[in-house]
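Enquirer: Just one file: entry12.cif, with mmCIF, C-alpha atoms.
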```cif
data_start
#
loop_
_atom_site.group_PDB
_atom_site.id
_atom_site.type_symbol
_atom_site.label_atom_id
_atom_site.label_comp_id
_atom_site.auth_asym_id
_atom_site.auth_seq_id
_atom_site.Cartn_x
_atom_site.Cartn_y
_atom_site.Cartn_z
ATOM 1 C CA MET H 1 34.360 157.952 -58.884
ATOM 2 C CA ASP H 2 32.420 157.703 -55.596
ATOM 3 C CA ALA H 3 29.176 159.599 -54.959
ATOM 4 C CA MET H 4 25.705 158.959 -53.539
ATOM 5 C CA GLY H 5 27.012 155.926 -51.658
ATOM 6 C CA SER H 6 28.159 154.130 -54.834
ATOM 7 C CA THR H 7 31.142 153.807 -57.131
ATOM 8 C CA TYR H 8 30.430 154.941 -60.686
ATOM 9 C CA THR H 9 32.382 153.549 -63.629
ATOM 10 C CA VAL H 10 32.260 154.281 -67.356
ATOM 11 C CA ALA H 11 33.650 152.303 -70.305
ATOM 12 C CA LEU H 12 33.483 153.976 -73.728
ATOM 13 C CA TYR H 13 34.458 153.314 -77.325
ATOM 14 C CA GLY H 14 35.289 156.141 -79.720
ATOM 15 C CA GLU H 15 37.901 157.570 -82.051
ATOM 16 C CA SER H 16 39.464 160.197 -79.761
ATOM 17 C CA ARG H 17 40.742 159.183 -76.326
ATOM 18 C CA ASP H 18 41.105 162.816 -75.256
ATOM 19 C CA ASN H 19 37.519 163.548 -76.236
ATOM 20 C CA LEU H 20 36.206 160.475 -74.420
ATOM 21 C CA GLU H 21 38.102 161.397 -71.257
ATOM 22 C CA ALA H 22 36.591 164.882 -71.347
ATOM 23 C CA VAL H 23 33.094 163.424 -71.796
ATOM 24 C CA VAL H 24 33.598 161.033 -68.886
ATOM 25 C CA GLU H 25 34.573 163.960 -66.661
ATOM 26 C CA GLN H 26 31.380 165.780 -67.695
ATOM 27 C CA ALA H 27 29.369 162.683 -66.794
ATOM 28 C CA PHE H 28 31.072 162.451 -63.406
ATOM 29 C CA GLU H 29 30.408 166.146 -62.773
ATOM 30 C CA GLU H 30 26.729 165.467 -63.422
ATOM 31 C CA VAL H 31 26.794 162.795 -60.705
ATOM 32 C CA ARG H 32 28.422 165.258 -58.316
ATOM 33 C CA ARG H 33 25.664 167.768 -59.098
ATOM 34 C CA LEU H 34 22.999 165.167 -58.363
ATOM 35 C CA ASP H 35 24.739 164.208 -55.133
ATOM 36 C CA ARG H 36 24.422 167.833 -54.046
ATOM 37 C CA MET H 37 20.713 167.694 -54.895
ATOM 38 C CA LEU H 38 19.619 164.197 -53.817
ATOM 39 C CA SER H 39 21.851 163.073 -50.959
ATOM 40 C CA ASN H 40 20.124 162.599 -47.614
ATOM 41 C CA TYR H 41 23.574 162.569 -45.981
ATOM 42 C CA ARG H 42 24.302 166.175 -47.028
ATOM 43 C CA ARG H 43 22.522 168.704 -44.850
ATOM 44 C CA ASP H 44 22.690 171.333 -47.602
ATOM 45 C CA SER H 45 21.088 169.157 -50.312
ATOM 46 C CA GLU H 46 17.680 169.964 -51.762
ATOM 47 C CA TRP H 47 16.463 166.522 -50.625
ATOM 48 C CA SER H 48 17.525 167.186 -47.027
ATOM 49 C CA GLU H 49 15.799 170.557 -47.053
ATOM 50 C CA VAL H 50 12.540 168.812 -47.980
ATOM 51 C CA ASN H 51 12.987 166.322 -45.135
ATOM 52 C CA ARG H 52 13.667 169.104 -42.610
ATOM 53 C CA PHE H 53 10.887 171.531 -43.475
ATOM 54 C CA ALA H 54 8.095 169.864 -45.482
ATOM 55 C CA ALA H 55 6.141 168.901 -42.360
ATOM 56 C CA GLN H 56 6.132 172.568 -41.297
ATOM 57 C CA ARG H 57 5.389 174.279 -44.611
ATOM 58 C CA PRO H 58 5.309 173.671 -48.371
ATOM 59 C CA VAL H 59 8.885 173.529 -49.652
ATOM 60 C CA ARG H 60 9.523 174.869 -53.137
ATOM 61 C CA VAL H 61 11.854 172.609 -55.141
ATOM 62 C CA THR H 62 13.435 172.734 -58.577
ATOM 63 C CA PRO H 63 11.355 171.435 -61.489
ATOM 64 C CA GLU H 64 13.859 168.588 -61.873
ATOM 65 C CA LEU H 65 13.378 167.306 -58.339
ATOM 66 C CA PHE H 66 9.626 167.823 -58.558
ATOM 67 C CA ARG H 67 9.397 165.664 -61.697
ATOM 68 C CA LEU H 68 11.489 162.968 -60.038
ATOM 69 C CA LEU H 69 9.212 162.929 -56.990
ATOM 70 C CA GLU H 70 6.203 162.671 -59.313
ATOM 71 C CA ARG H 71 7.763 159.581 -60.877
ATOM 72 C CA CYS H 72 8.370 158.111 -57.435
ATOM 73 C CA LEU H 73 4.733 158.568 -56.453
ATOM 74 C CA ASP H 74 3.686 156.899 -59.698
ATOM 75 C CA TYR H 75 5.912 153.897 -58.914
ATOM 76 C CA SER H 76 4.424 153.771 -55.410
ATOM 77 C CA ARG H 77 0.854 153.681 -56.686
ATOM 78 C CA ARG H 78 1.554 151.116 -59.383
ATOM 79 C CA SER H 79 3.506 148.877 -57.005
ATOM 80 C CA GLU H 80 0.690 148.963 -54.425
ATOM 81 C CA GLY H 81 3.012 150.642 -51.946
ATOM 82 C CA ALA H 82 5.887 148.150 -52.231
ATOM 83 C CA PHE H 83 8.062 150.938 -53.625
ATOM 84 C CA ASP H 84 7.974 153.935 -51.296
ATOM 85 C CA ILE H 85 10.489 156.758 -50.953
ATOM 86 C CA SER H 86 9.079 157.635 -47.509
ATOM 87 C CA VAL H 87 10.775 154.537 -46.080
ATOM 88 C CA GLY H 88 13.381 156.710 -44.295
ATOM 89 C CA PRO H 89 12.070 156.140 -40.726
ATOM 90 C CA LEU H 90 12.206 152.365 -41.234
ATOM 91 C CA MET H 91 15.763 152.475 -42.564
ATOM 92 C CA LYS H 92 16.769 154.352 -39.414
ATOM 93 C CA VAL H 93 14.962 152.131 -36.924
ATOM 94 C CA TRP H 94 16.503 149.040 -38.570
ATOM 95 C CA GLY H 95 19.954 150.642 -38.388
ATOM 96 C CA PHE H 96 20.603 150.808 -42.131
ATOM 97 C CA TYR H 97 21.010 154.588 -42.192
ATOM 98 C CA ARG H 98 24.751 155.139 -41.679
ATOM 99 C CA GLY H 99 24.944 151.653 -40.151
ATOM 100 C CA THR H 100 25.056 147.930 -40.805
ATOM 101 C CA GLY H 101 21.708 147.079 -39.242
ATOM 102 C CA CYS H 102 20.197 146.207 -35.880
ATOM 103 C CA LEU H 103 17.074 144.389 -34.707
ATOM 104 C CA PRO H 104 14.391 146.828 -33.451
ATOM 105 C CA GLY H 105 11.545 146.056 -31.092
ATOM 106 C CA LYS H 106 7.995 145.672 -32.380
ATOM 107 C CA ALA H 107 6.970 148.947 -30.743
ATOM 108 C CA GLU H 108 9.770 150.778 -32.554
ATOM 109 C CA VAL H 109 8.629 149.358 -35.888
ATOM 110 C CA ARG H 110 5.008 150.335 -35.221
ATOM 111 C CA LYS H 111 6.130 153.849 -34.304
ATOM 112 C CA ALA H 112 8.156 154.188 -37.513
ATOM 113 C CA LEU H 113 5.245 152.922 -39.619
ATOM 114 C CA GLU H 114 3.115 155.840 -38.427
ATOM 115 C CA THR H 115 5.224 158.156 -40.588
ATOM 116 C CA VAL H 116 5.795 155.828 -43.567
ATOM 117 C CA GLY H 117 3.557 155.940 -46.630
ATOM 118 C CA TYR H 118 3.711 157.760 -49.927
ATOM 119 C CA ARG H 119 0.253 159.235 -49.300
ATOM 120 C CA HIS H 120 1.849 161.505 -46.673
ATOM 121 C CA LEU H 121 3.667 163.268 -49.535
ATOM 122 C CA ILE H 122 1.652 166.100 -51.121
ATOM 123 C CA LEU H 123 2.886 167.656 -54.368
ATOM 124 C CA ASP H 124 1.635 170.954 -55.779
ATOM 125 C CA ALA H 125 2.375 170.983 -59.521
ATOM 126 C CA GLN H 126 1.334 174.616 -59.905
ATOM 127 C CA HIS H 127 3.873 175.947 -57.402
ATOM 128 C CA TYR H 128 6.460 173.106 -57.465
ATOM 129 C CA THR H 129 6.125 172.557 -53.732
ATOM 130 C CA VAL H 130 6.380 169.476 -51.531
ATOM 131 C CA ARG H 131 4.574 169.068 -48.232
ATOM 132 C CA PHE H 132 4.220 166.296 -45.645
ATOM 133 C CA ASP H 133 0.871 165.859 -43.910
ATOM 134 C CA ARG H 134 2.473 164.923 -40.585
ATOM 135 C CA PRO H 135 5.749 165.340 -38.678
ATOM 136 C CA GLY H 136 8.340 162.580 -38.859
ATOM 137 C CA VAL H 137 7.946 161.733 -42.548
ATOM 138 C CA GLU H 138 11.339 161.282 -44.161
ATOM 139 C CA LEU H 139 12.183 160.545 -47.789
ATOM 140 C CA ASP H 140 14.972 158.114 -48.665
ATOM 141 C CA PRO H 141 16.540 158.331 -52.153
ATOM 142 C CA GLY H 142 18.160 154.894 -51.869
ATOM 143 C CA GLY H 143 15.672 153.240 -54.221
ATOM 144 C CA ILE H 144 16.055 155.649 -57.140
ATOM 145 C CA GLY H 145 19.120 157.878 -56.729
ATOM 146 C CA LYS H 146 21.631 155.662 -58.507
ATOM 147 C CA GLY H 147 19.271 154.883 -61.355
ATOM 148 C CA TYR H 148 18.480 158.529 -61.985
ATOM 149 C CA ALA H 149 22.177 159.422 -61.886
ATOM 150 C CA VAL H 150 23.072 156.726 -64.417
ATOM 151 C CA ASP H 151 20.340 157.942 -66.789
ATOM 152 C CA ARG H 152 21.643 161.496 -66.552
ATOM 153 C CA MET H 153 25.168 160.236 -67.295
ATOM 154 C CA VAL H 154 23.807 158.524 -70.402
ATOM 155 C CA ASP H 155 22.204 161.822 -71.457
ATOM 156 C CA VAL H 156 25.589 163.552 -71.151
ATOM 157 C CA LEU H 157 27.251 160.874 -73.292
ATOM 158 C CA ARG H 158 24.590 161.110 -75.997
ATOM 159 C CA GLU H 159 24.724 164.909 -76.024
ATOM 160 C CA ASN H 160 28.441 164.605 -76.780
ATOM 161 C CA GLY H 161 27.997 162.141 -79.627
ATOM 162 C CA VAL H 162 29.035 158.958 -77.785
ATOM 163 C CA THR H 163 27.283 155.893 -79.207
ATOM 164 C CA SER H 164 28.999 153.025 -77.364
ATOM 165 C CA GLY H 165 29.415 152.819 -73.619
ATOM 166 C CA LEU H 166 28.642 150.961 -70.414
ATOM 167 C CA ILE H 167 27.803 152.923 -67.257
ATOM 168 C CA SER H 168 27.638 151.252 -63.869
ATOM 169 C CA ALA H 169 26.699 152.410 -60.376
ATOM 170 C CA GLY H 170 27.943 150.017 -57.743
ATOM 171 C CA SER H 171 27.667 147.172 -60.299
ATOM 172 C CA SER H 172 23.979 146.941 -59.382
ATOM 173 C CA SER H 173 22.552 149.584 -61.746
ATOM 174 C CA ILE H 174 23.876 149.424 -65.302
ATOM 175 C CA TYR H 175 23.052 151.079 -68.616
ATOM 176 C CA ALA H 176 24.353 149.763 -71.948
ATOM 177 C CA LEU H 177 24.618 152.444 -74.632
ATOM 178 C CA GLY H 178 24.828 150.929 -78.108
ATOM 179 C CA THR H 179 27.202 147.983 -78.434
ATOM 180 C CA PRO H 180 30.953 147.383 -78.332
ATOM 181 C CA PRO H 181 32.532 147.230 -81.819
ATOM 182 C CA GLY H 182 31.521 144.043 -83.621
ATOM 183 C CA ALA H 183 29.398 142.758 -80.739
ATOM 184 C CA GLN H 184 25.664 142.124 -80.429
ATOM 185 C CA GLY H 185 25.537 143.951 -77.118
ATOM 186 C CA TRP H 186 27.233 144.504 -73.791
ATOM 187 C CA LYS H 187 27.574 141.192 -71.936
ATOM 188 C CA VAL H 188 26.394 141.512 -68.339
ATOM 189 C CA SER H 189 26.287 138.804 -65.679
ATOM 190 C CA VAL H 190 23.861 138.208 -62.818
ATOM 191 C CA ARG H 191 25.781 137.072 -59.752
ATOM 192 C CA HIS H 192 24.831 134.061 -57.688
ATOM 193 C CA PRO H 193 22.993 135.433 -54.614
ATOM 194 C CA ARG H 194 24.877 133.093 -52.279
ATOM 195 C CA ASP H 195 28.311 133.001 -53.941
ATOM 196 C CA SER H 196 29.783 136.190 -55.413
ATOM 197 C CA ARG H 197 32.301 134.145 -57.417
ATOM 198 C CA ARG H 198 29.576 132.478 -59.485
ATOM 199 C CA THR H 199 26.982 133.727 -61.965
ATOM 200 C CA VAL H 200 23.449 132.451 -62.533
ATOM 201 C CA ALA H 201 22.651 134.240 -65.796
ATOM 202 C CA GLU H 202 24.222 136.257 -68.598
ATOM 203 C CA VAL H 203 22.502 138.722 -70.890
ATOM 204 C CA TYR H 204 23.443 141.061 -73.737
ATOM 205 C CA LEU H 205 22.174 144.627 -73.323
ATOM 206 C CA LYS H 206 21.785 147.282 -76.011
ATOM 207 C CA ASN H 207 20.298 150.724 -75.246
ATOM 208 C CA GLU H 208 18.690 149.401 -72.084
ATOM 209 C CA SER H 209 19.370 149.035 -68.396
ATOM 210 C CA MET H 210 19.640 146.248 -65.860
ATOM 211 C CA SER H 211 19.429 146.743 -62.095
ATOM 212 C CA THR H 212 19.742 144.136 -59.371
ATOM 213 C CA SER H 213 18.541 144.157 -55.774
ATOM 214 C CA GLY H 214 19.723 141.359 -53.511
ATOM 215 C CA ASN H 215 19.446 140.520 -49.845
ATOM 216 C CA TYR H 216 23.243 140.127 -49.815
ATOM 217 C CA GLU H 217 23.862 143.859 -50.410
ATOM 218 C CA LYS H 218 23.201 145.015 -46.829
ATOM 219 C CA PHE H 219 22.142 142.665 -44.069
ATOM 220 C CA PHE H 220 22.787 141.502 -40.527
ATOM 221 C CA GLN H 221 22.247 138.324 -38.538
ATOM 222 C CA ALA H 222 20.202 138.217 -35.332
ATOM 223 C CA ASN H 223 18.695 135.304 -33.415
ATOM 224 C CA GLY H 224 19.711 132.889 -36.146
ATOM 225 C CA ARG H 225 17.976 134.872 -38.918
ATOM 226 C CA MET H 226 19.185 137.092 -41.728
ATOM 227 C CA TYR H 227 17.623 140.557 -42.082
ATOM 228 C CA SER H 228 18.243 142.518 -45.291
ATOM 229 C CA HIS H 229 17.852 146.211 -46.069
ATOM 230 C CA ILE H 230 15.050 145.629 -48.589
ATOM 231 C CA MET H 231 12.031 146.734 -46.570
ATOM 232 C CA ASP H 232 8.376 146.113 -47.208
ATOM 233 C CA PRO H 233 7.090 149.632 -46.373
ATOM 234 C CA ARG H 234 3.645 148.222 -45.628
ATOM 235 C CA THR H 235 4.711 145.801 -42.887
ATOM 236 C CA GLY H 236 7.824 147.562 -41.588
ATOM 237 C CA TYR H 237 9.934 144.402 -41.908
ATOM 238 C CA PRO H 238 12.506 143.139 -44.428
ATOM 239 C CA ALA H 239 10.856 141.277 -47.289
ATOM 240 C CA PRO H 240 11.217 137.470 -47.047
ATOM 241 C CA GLY H 241 11.266 134.802 -49.728
ATOM 242 C CA MET H 242 13.429 136.357 -52.435
ATOM 243 C CA LEU H 243 17.212 136.357 -52.708
ATOM 244 C CA SER H 244 17.699 138.701 -55.654
ATOM 245 C CA VAL H 245 15.828 140.314 -58.513
ATOM 246 C CA SER H 246 17.333 141.694 -61.727
ATOM 247 C CA VAL H 247 15.170 143.868 -63.960
ATOM 248 C CA ILE H 248 15.834 144.955 -67.554
ATOM 249 C CA ALA H 249 14.075 148.150 -68.617
ATOM 250 C CA PRO H 250 14.453 151.080 -71.047
ATOM 251 C CA THR H 251 15.826 153.394 -68.333
ATOM 252 C CA THR H 252 17.886 152.825 -65.213
ATOM 253 C CA LEU H 253 15.382 154.721 -63.095
ATOM 254 C CA ALA H 254 12.730 152.198 -64.128
ATOM 255 C CA SER H 255 14.926 149.122 -63.741
ATOM 256 C CA GLU H 256 16.088 150.213 -60.293
ATOM 257 C CA ALA H 257 12.622 151.206 -59.091
ATOM 258 C CA TRP H 258 10.945 147.958 -60.199
ATOM 259 C CA THR H 259 13.454 145.597 -58.560
ATOM 260 C CA LYS H 260 12.038 146.413 -55.108
ATOM 261 C CA PRO H 261 8.326 145.751 -55.799
ATOM 262 C CA ILE H 262 9.146 142.494 -57.594
ATOM 263 C CA PHE H 263 11.459 141.475 -54.737
ATOM 264 C CA ILE H 264 8.735 142.276 -52.187
ATOM 265 C CA ASN H 265 5.575 141.229 -54.042
ATOM 266 C CA GLY H 266 7.002 138.167 -55.754
ATOM 267 C CA ARG H 267 6.733 136.318 -59.048
ATOM 268 C CA ALA H 268 2.933 136.051 -59.272
ATOM 269 C CA TRP H 269 2.484 139.799 -58.747
ATOM 270 C CA ALA H 270 5.096 140.635 -61.375
ATOM 271 C CA ALA H 271 3.453 138.287 -63.865
ATOM 272 C CA ARG H 272 0.051 139.937 -63.333
ATOM 273 C CA ASN H 273 1.193 143.532 -63.697
ATOM 274 C CA ARG H 274 2.332 145.366 -66.803
ATOM 275 C CA LEU H 275 5.569 147.158 -65.947
ATOM 276 C CA GLU H 276 8.126 149.134 -67.945
ATOM 277 C CA ALA H 277 10.405 146.153 -67.388
ATOM 278 C CA SER H 278 10.984 144.026 -70.470
ATOM 279 C CA ARG H 279 12.416 141.102 -68.502
ATOM 280 C CA ALA H 280 13.117 140.120 -64.908
ATOM 281 C CA PHE H 281 15.365 137.442 -63.437
ATOM 282 C CA LEU H 282 14.309 136.123 -60.028
ATOM 283 C CA CYS H 283 16.267 134.065 -57.510
ATOM 284 C CA GLU H 284 13.909 132.680 -54.861
ATOM 285 C CA ASP H 285 14.735 131.259 -51.451
ATOM 286 C CA LYS H 286 13.281 127.753 -51.633
ATOM 287 C CA ALA H 287 14.474 124.335 -50.484
ATOM 288 C CA GLU H 288 16.834 124.554 -53.454
ATOM 289 C CA LEU H 289 17.890 127.818 -55.066
ATOM 290 C CA SER H 290 15.383 128.669 -57.812
ATOM 291 C CA CYS H 291 16.528 131.142 -60.491
ATOM 292 C CA ALA H 292 14.681 131.870 -63.739
ATOM 293 C CA TRP H 293 13.708 134.592 -66.188
ATOM 294 C CA LEU H 294 10.229 136.021 -65.943
ATOM 295 C CA GLN H 295 9.253 137.268 -69.418
#
```
Here is the file; what I need is its structure written in the form of structure tokens.
Expert:
Amino acid sequence: MDAMGSTYTVALYGESRDNLEAVVEQAFEEVRRLDRMLSNYRRDSEWSEVNRFAAQRPVRVTPELFRLLERCLDYSRRSEGAFDISVGPLMKVWGFYRGTGCLPGKAEVRKALETVGYRHLILDAQHYTVRFDRPGVELDPGGIGKGYAVDRMVDVLRENGVTSGLISAGSSSIYALGTPPGAQGWKVSVRHPRDSRRTVAEVYLKNESMSTSGNYEKFFQANGRMYSHIMDPRTGYPAPGMLSVSVIAPTTLASEAWTKPIFINGRAWAARNRLEASRAFLCEDKAELSCAWLQ
């Protein structure tokens, strides 16, 4: 099924096909519910309401959304600002919001940066409200929406007694529940960042997630250069140097969130910092393609 800008797929093992089909439909309905809550393309979503009114007044949100925003702020702090859900103005000025990208002027980037920064987001845990400290701040769920949705799908499967399944959102955020019958885990491949027909790594997953961010997902060419959608919120420009990052973590929210800071901050930063990620696979843009696991 399609929702939140991605195609969601589920593969399950179990004794009753009818029961599994009913569980899959419940999982898909959960994604539809989250689309109604988190989409920044739906004017009536809870997320869009925050973007419209939080600069004018505190906006009361559901406890679920509040907890998710708390997690996002935690990722922002721990990533030194490389992960930032307030990147919305940059995504628009670079043409990646409802578009395929365009090259902005330096003045446009500077203007957008004035409203980017997780510190502009003020959460009140007592009243479950969200407020922006200036006009123009805009949250973008692109860095966490799929991961959160996949985790909630896994919850639905577990609540219904499913012990073996593979859930995927756009093939870039995956959770492996249990193992297929007789197997050590779910076999998942990491695609070659320059050739979609080839793979650069394979891994077996069991009760864990893998997410991948690559500069090949959304990009455009201008003046002989490639510009990807993976923004460094601190500079206002697409992050250079990396081609793709795959992160394995206990939850899909964590694996998806940590791909961006590792992509932006690089190998040395990832090696220095203790993350929820158990492993990361990095493909760097050097004279020759460099791909390796970072333990």
Enquirer: Any chance you could work out the residue set of the PyMOL selection byres ((chain H and resi 123) around 12) here, as number ranges by chain?
Expert: H: 50, 54, 58-61, 63, 65-73, 118-122, 124-133
Enquirer: Can you spit out the residues from that selection as a compact mmCIF listing (two decimals), in the coordinates of the input, using C-alpha atoms?
Expert:
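See selection00.txt below for the written result:
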```
# COMPACT_ATOMS: atom_id res chain seq x y z
CA VAL H 50 12.54 168.81 -47.98
CA ALA H 54 8.10 169.86 -45.48
CA PRO H 58 5.31 173.67 -48.37
CA VAL H 59 8.88 173.53 -49.65
CA ARG H 60 9.52 174.87 -53.14
CA VAL H 61 11.85 172.61 -55.14
CA PRO H 63 11.36 171.44 -61.49
CA LEU H 65 13.38 167.31 -58.34
CA PHE H 66 9.63 167.82 -58.56
CA ARG H 67 9.40 165.66 -61.70
CA LEU H 68 11.49 162.97 -60.04
CA LEU H 69 9.21 162.93 -56.99
CA GLU H 70 6.20 162.67 -59.31
CA ARG H 71 7.76 159.58 -60.88
CA CYS H 72 8.37 158.11 -57.44
CA LEU H 73 4.73 158.57 -56.45
CA TYR H 118 3.71 157.76 -49.93
CA ARG H 119 0.25 159.24 -49.30
CA HIS H 120 1.85 161.50 -46.67
CA LEU H 121 3.67 163.27 -49.54
CA ILE H 122 1.65 166.10 -51.12
CA ASP H 124 1.64 170.95 -55.78
CA ALA H 125 2.38 170.98 -59.52
CA GLN H 126 1.33 174.62 -59.90
CA HIS H 127 3.87 175.95 -57.40
CA TYR H 128 6.46 173.11 -57.46
CA THR H 129 6.12 172.56 -53.73
CA VAL H 130 6.38 169.48 -51.53
CA ARG H 131 4.57 169.07 -48.23
CA PHE H 132 4.22 166.30 -45.64
CA ASP H 133 0.87 165.86 -43.91
```
Enquirer: I'd like the neighbourhood of stretch 223-231 of chain H as a list in words, where a residue qualifies if any of its atoms comes within 9 Å (using all atoms listed in the file), though same-chain residues fewer than 5 positions away should be ignored.
Expert: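 What passes the distance filter is Ala82, Val87, Leu90, Met91, Trp94, Phe96, Gly101, Cys102, Leu103, Ser213, Gly214, Asn215, Tyr216, Glu217, Lys218, Gly236, Tyr237, Pro238, Ala239, Pro240, Lys260, Phe263 and Ile264 of chain H.
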Enquirer: Got a sec to check which residues sit within 9 Å of (11.0, 161.1, -45.2), counting only C-alpha atoms, and write them as a list in words?
Expert: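 Residues close enough to count: Val50, Asn51, Arg52, Ile85, Ser86, Val87, Gly88, Pro89, Thr115, Val116, Leu121, Phe132, Gly136, Val137, Glu138, Leu139 and Asp140 of chain H.
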Enquirer: Atom CA of H:Ser172 to atom CA of H:Met210: how many Å, to one decimal?
Expert: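 Computing the Euclidean distance for atom CA of H:Ser172 and atom CA of H:Met210 yields 7.8 Å.
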Enquirer: Assuming the chain letters and numbering stay as they are in my file, what does the PyMOL selection byres ((chain H and resi 159-163) around 12) actually select? List them as an NGL selection string.
Expert: :H and (10-17 or 19-27 or 152-158 or 164-166 or 176-181 or 206-207)
Enquirer: Could you add whatever atoms are missing so that stretch 37-48 of chain H carries N, CA and C atoms, then write the result as a PDB file, in the coordinates of the input?
Expert:
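Result went into result.pdb, see below:
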```
ATOM      1  N   MET H  37      22.162 167.503 -54.886  1.00  0.00           N
ATOM      2  CA  MET H  37      20.713 167.694 -54.895  1.00  0.00           C
ATOM      3  C   MET H  37      19.978 166.596 -54.129  1.00  0.00           C
ATOM      4  N   LEU H  38      20.409 165.329 -54.280  1.00  0.00           N
ATOM      5  CA  LEU H  38      19.619 164.197 -53.817  1.00  0.00           C
ATOM      6  C   LEU H  38      20.110 163.524 -52.539  1.00  0.00           C
ATOM      7  N   SER H  39      21.314 163.802 -52.115  1.00  0.00           N
ATOM      8  CA  SER H  39      21.851 163.073 -50.959  1.00  0.00           C
ATOM      9  C   SER H  39      21.101 163.407 -49.673  1.00  0.00           C
ATOM     10  N   ASN H  40      20.718 162.359 -48.935  1.00  0.00           N
ATOM     11  CA  ASN H  40      20.124 162.599 -47.614  1.00  0.00           C
ATOM     12  C   ASN H  40      21.193 162.581 -46.522  1.00  0.00           C
ATOM     13  N   TYR H  41      22.461 162.467 -46.926  1.00  0.00           N
ATOM     14  CA  TYR H  41      23.574 162.569 -45.981  1.00  0.00           C
ATOM     15  C   TYR H  41      24.175 163.973 -45.969  1.00  0.00           C
ATOM     16  N   ARG H  42      23.805 164.795 -46.955  1.00  0.00           N
ATOM     17  CA  ARG H  42      24.302 166.175 -47.028  1.00  0.00           C
ATOM     18  C   ARG H  42      23.219 167.105 -46.499  1.00  0.00           C
ATOM     19  N   ARG H  43      23.520 167.828 -45.450  1.00  0.00           N
ATOM     20  CA  ARG H  43      22.522 168.704 -44.850  1.00  0.00           C
ATOM     21  C   ARG H  43      22.097 169.825 -45.792  1.00  0.00           C
ATOM     22  N   ASP H  44      22.986 170.213 -46.719  1.00  0.00           N
ATOM     23  CA  ASP H  44      22.690 171.333 -47.602  1.00  0.00           C
ATOM     24  C   ASP H  44      22.039 170.901 -48.911  1.00  0.00           C
ATOM     25  N   SER H  45      21.698 169.613 -49.061  1.00  0.00           N
ATOM     26  CA  SER H  45      21.088 169.157 -50.312  1.00  0.00           C
ATOM     27  C   SER H  45      19.619 169.564 -50.363  1.00  0.00           C
ATOM     28  N   GLU H  46      19.096 169.636 -51.580  1.00  0.00           N
ATOM     29  CA  GLU H  46      17.680 169.964 -51.762  1.00  0.00           C
ATOM     30  C   GLU H  46      16.793 168.897 -51.107  1.00  0.00           C
ATOM     31  N   TRP H  47      17.208 167.634 -51.226  1.00  0.00           N
ATOM     32  CA  TRP H  47      16.463 166.522 -50.625  1.00  0.00           C
ATOM     33  C   TRP H  47      16.380 166.677 -49.107  1.00  0.00           C
ATOM     34  N   SER H  48      17.501 167.017 -48.480  1.00  0.00           N
ATOM     35  CA  SER H  48      17.525 167.186 -47.027  1.00  0.00           C
ATOM     36  C   SER H  48      16.676 168.363 -46.583  1.00  0.00           C
TER      37      SER H  48
END
```
